[in-house]
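Notes to accompany the following structure.
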There are 4 protein chains.
Amino acid sequence: MSAESQQGRENAEPGSMLDLGRAVLAMQPFSVHLGAELVTLEPGTAELGLTVAPHLAQQNGFVHGGIVSYLVDNALTFAGGSVLGPNVLTQEFKVSYLRPARGQRLVARATVLYSSGRQAICRCDVFGVDGEQETLCATALGTILAADPG
Amino acid sequence: MSAESQQGRENAEPGSMLDLGRAVLAMQPFSVHLGAELVTLEPGTAELGLTVAPHLAQQNGFVHGGIVSYLVDNALTFAGGSVLGPNVLTQEFKVSYLRPARGQRLVARATVLYSSGRQAICRCDVFGVDGEQETLCATALGTILAADPG
Amino acid sequence: MSAESQQGRENAEPGSMLDLGRAVLAMQPFSVHLGAELVTLEPGTAELGLTVAPHLAQQNGFVHGGIVSYLVDNALTFAGGSVLGPNVLTQEFKVSYLRPARGQRLVARATVLYSSGRQAICRCDVFGVDGEQETLCATALGTILAADPG
Amino acid sequence: MSAESQQGRENAEPGSMLDLGRAVLAMQPFSVHLGAELVTLEPGTAELGLTVAPHLAQQNGFVHGGIVSYLVDNALTFAGGSVLGPNVLTQEFKVSYLRPARGQRLVARATVLYSSGRQAICRCDVFGVDGEQETLCATALGTILAADPG
């Protein structure tokens, strides 16, 4: 068992889906670099969070759209993986930016709308979190594929 | 003046569109953090490049999809800005991932397909660059809006 | 006043939003040709229905995807128009087909996720209706624009 | 045998890909109802055309967006089928409407950007044709899947 999944043990049963998901996230150098956290991972749903920091901004001080799209991409993948298994990839997504992304944290919540054995169609909403207040800043729709076996 | 815009002076006339674009990019902390470079900015087209590094990877060693979507988002925005003016925002985009993103560099080339005074519809292709070899790894279609004045 | 909007009077106050929407639908020759009906139109939501008929099929006997995309396009537009006013156009949408479209009827339900004065971001789900049973067959996300005044 | 596939015989070798495509199109009641014609079908590319008629209009006299999206959907499917085989389905697409669709004819040209054994990522442009003049009115990006065997 990896160090990552042991860390997962604080909030998750050993071997749980959340534990496994956190282990996968810990194997993504870019996610570790950004400090992304997998908050929830259950069959059909995933929540990914990120603490906002100055180096994640665009020129007007809001969180860069590329950070929002990273969250969309990754939350969709985890949601898809929650029903298709850990070996998945994001085939495509469409994101609409509704409002500037800001707050202390961003959270992306993705849910599976439909899945067959090999693909999952998932929706994702991204919220800026400011204290108790959540504001929807982007919404997305995407397709996750089970990767072909080795 | 930042290192980026000084570097821009080497190939761009002071006050040129590319010079202005590089100044905008240099004002995006996240783009500076990633080391993104604006290679080309002309009316209707933009090219954004990024040197691949280990901390940008996902769990299989390829560049994380969130980096590809950052490049799509930002290249679309610069292409839109090249016809709408510097005060623009990305309204939405759809990206299809075709192949794993890898190579020494990634380049995103965006072109304007149509623009009115307030919006531009742009296409973007992202390539992995390995020596002389370029491989298309993602393609996208998006909408850029002129931001409302102050 | 058209036959359609007179028919609308049964469930709608004269001059109501639904009444107005039905008058607009009746001015769309293609919608009249298909027999589309505007079931609901309230601020932020629209429902458009269509009776399935053999000439709307694709080669496997299901309703053609082009009919589903027509419903998406038009339901999105009416939802957007419910908050932006009647003079709107669909800028773009993305649709994911989840299951074959079948049943006695199809209904498309669109809701506004966000709107400013000039644009609305809307979601749309399309269901096949078989007796009391509704099955989600497609989901979409799109952008509606207020048309520039003449 | 329908009029469409007989007409197809004039320009296509019996058993050719175009011939087969026209036979598939002739099995789509909705496409026959609209009078759609498969103009080209070669590995990686498809062109679908439609004669504009008053009953295909929306309320301002332009061709209804639902007709444009039908053409997108179907041209994408044929392009995908040209590399994946005839038993395919459209998984998803995103369409951006650039200009009002008008002219004597509409043509949709779709090309395959990437395909594996089971999926094809395709682009589609829709043009209004007025005499010799073609005007781009919509552009799309979508995914075609090989249908699971019976």
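Letters A, B, ... mark the chains of the structure tokens in the order given; residue numbers begin at 1 per chain; ligand numbers begin at 1, in order shown.
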* To do: Could you find all residues in range 1-146 of chain A that DSSP calls helix (DSSP H, G or I) from the backbone, and write them as a PyMOL selection string?
  => chain A and resi 3-8+17-26+29-34+54-56+65-84
Please identify all polymer residues within 7 Å of Ile121 in chain A, counting only C-alpha atoms, omitting same-chain residues fewer than 6 positions from it, and present them as a short mmCIF file (atom, residue, chain, number, x, y, z; two decimals) with C-alpha atoms, in the first residue's frame.
data_model
loop_
_atom_site.label_atom_id
_atom_site.label_comp_id
_atom_site.auth_asym_id
_atom_site.auth_seq_id
_atom_site.Cartn_x
_atom_site.Cartn_y
_atom_site.Cartn_z
CA VAL A 112 -22.17 10.48 -14.11
CA LEU A 113 -25.29 10.94 -16.25
CA TYR A 114 -24.95 7.71 -18.15
CA SER A 115 -22.44 4.93 -18.43
CA GLY A 142 -17.77 15.47 -21.09
CA THR A 143 -17.07 11.89 -22.06
CA ILE A 144 -14.77 9.48 -20.22
#
* To do: Using only C-alpha atoms, select each residue of chain A with any atom at most 8 Å away from an atom of chain B, and give the selection as an NGL selection string.
  => :A and (24-25 or 27-31 or 33 or 54-59 or 64-67 or 69-71 or 73-74 or 90-98)
* Least-squares superposition of chain A on chain B, every Cα paired in order: what RMSD, in Å? ->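 The C-alpha RMSD comes to 1.1 Å.
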* To do: Take CA of Gly128 in chain A and CA of Val39 in chain A and report the distance between them in Å, one decimal.
  =>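 If I compute the distance from CA of Gly128 in chain A to CA of Val39 in chain A, I get 15.1 Å.
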* Point-to-point distance from CA of Val88 in chain B to CA of Ser16 in chain B, Å rounded to tenths ->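 Straight-line distance from CA of Val88 in chain B to CA of Ser16 in chain B works out to 18.0 Å.
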* Quick one: pick out all strand (DSSP E or B) residues within range 2-146 of chain B from a backbone DSSP run and write them as a PyMOL selection string. => chain B and resi 37-42+45-51+57+63+88-97+105-115+119-130+133-146
* **Exercise: Ala75 in chain A partners within 8 Å, only C-alpha atoms, chain neighbours under 4 positions left out, as a ChimeraX atom specification** => /A:46-48,71,79,108-110,124
* Asked: Please, what distance in Å, to one decimal, runs between CA of Thr45 in chain C and CA of Cys137 in chain C?
  ->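 We find that CA of Thr45 in chain C and CA of Cys137 in chain C lie 18.9 Å from each other.
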* To do: Might you pull out every residue within 9 Å of Ala146 in chain A, with only C-alpha atoms counted and same-chain residues fewer than 2 positions away left off, and present them as JSON, numbers by chain?
  => {"A": [80, 81, 84, 85, 86, 87, 88, 89, 90, 117, 118, 119, 120, 144, 148, 149]}
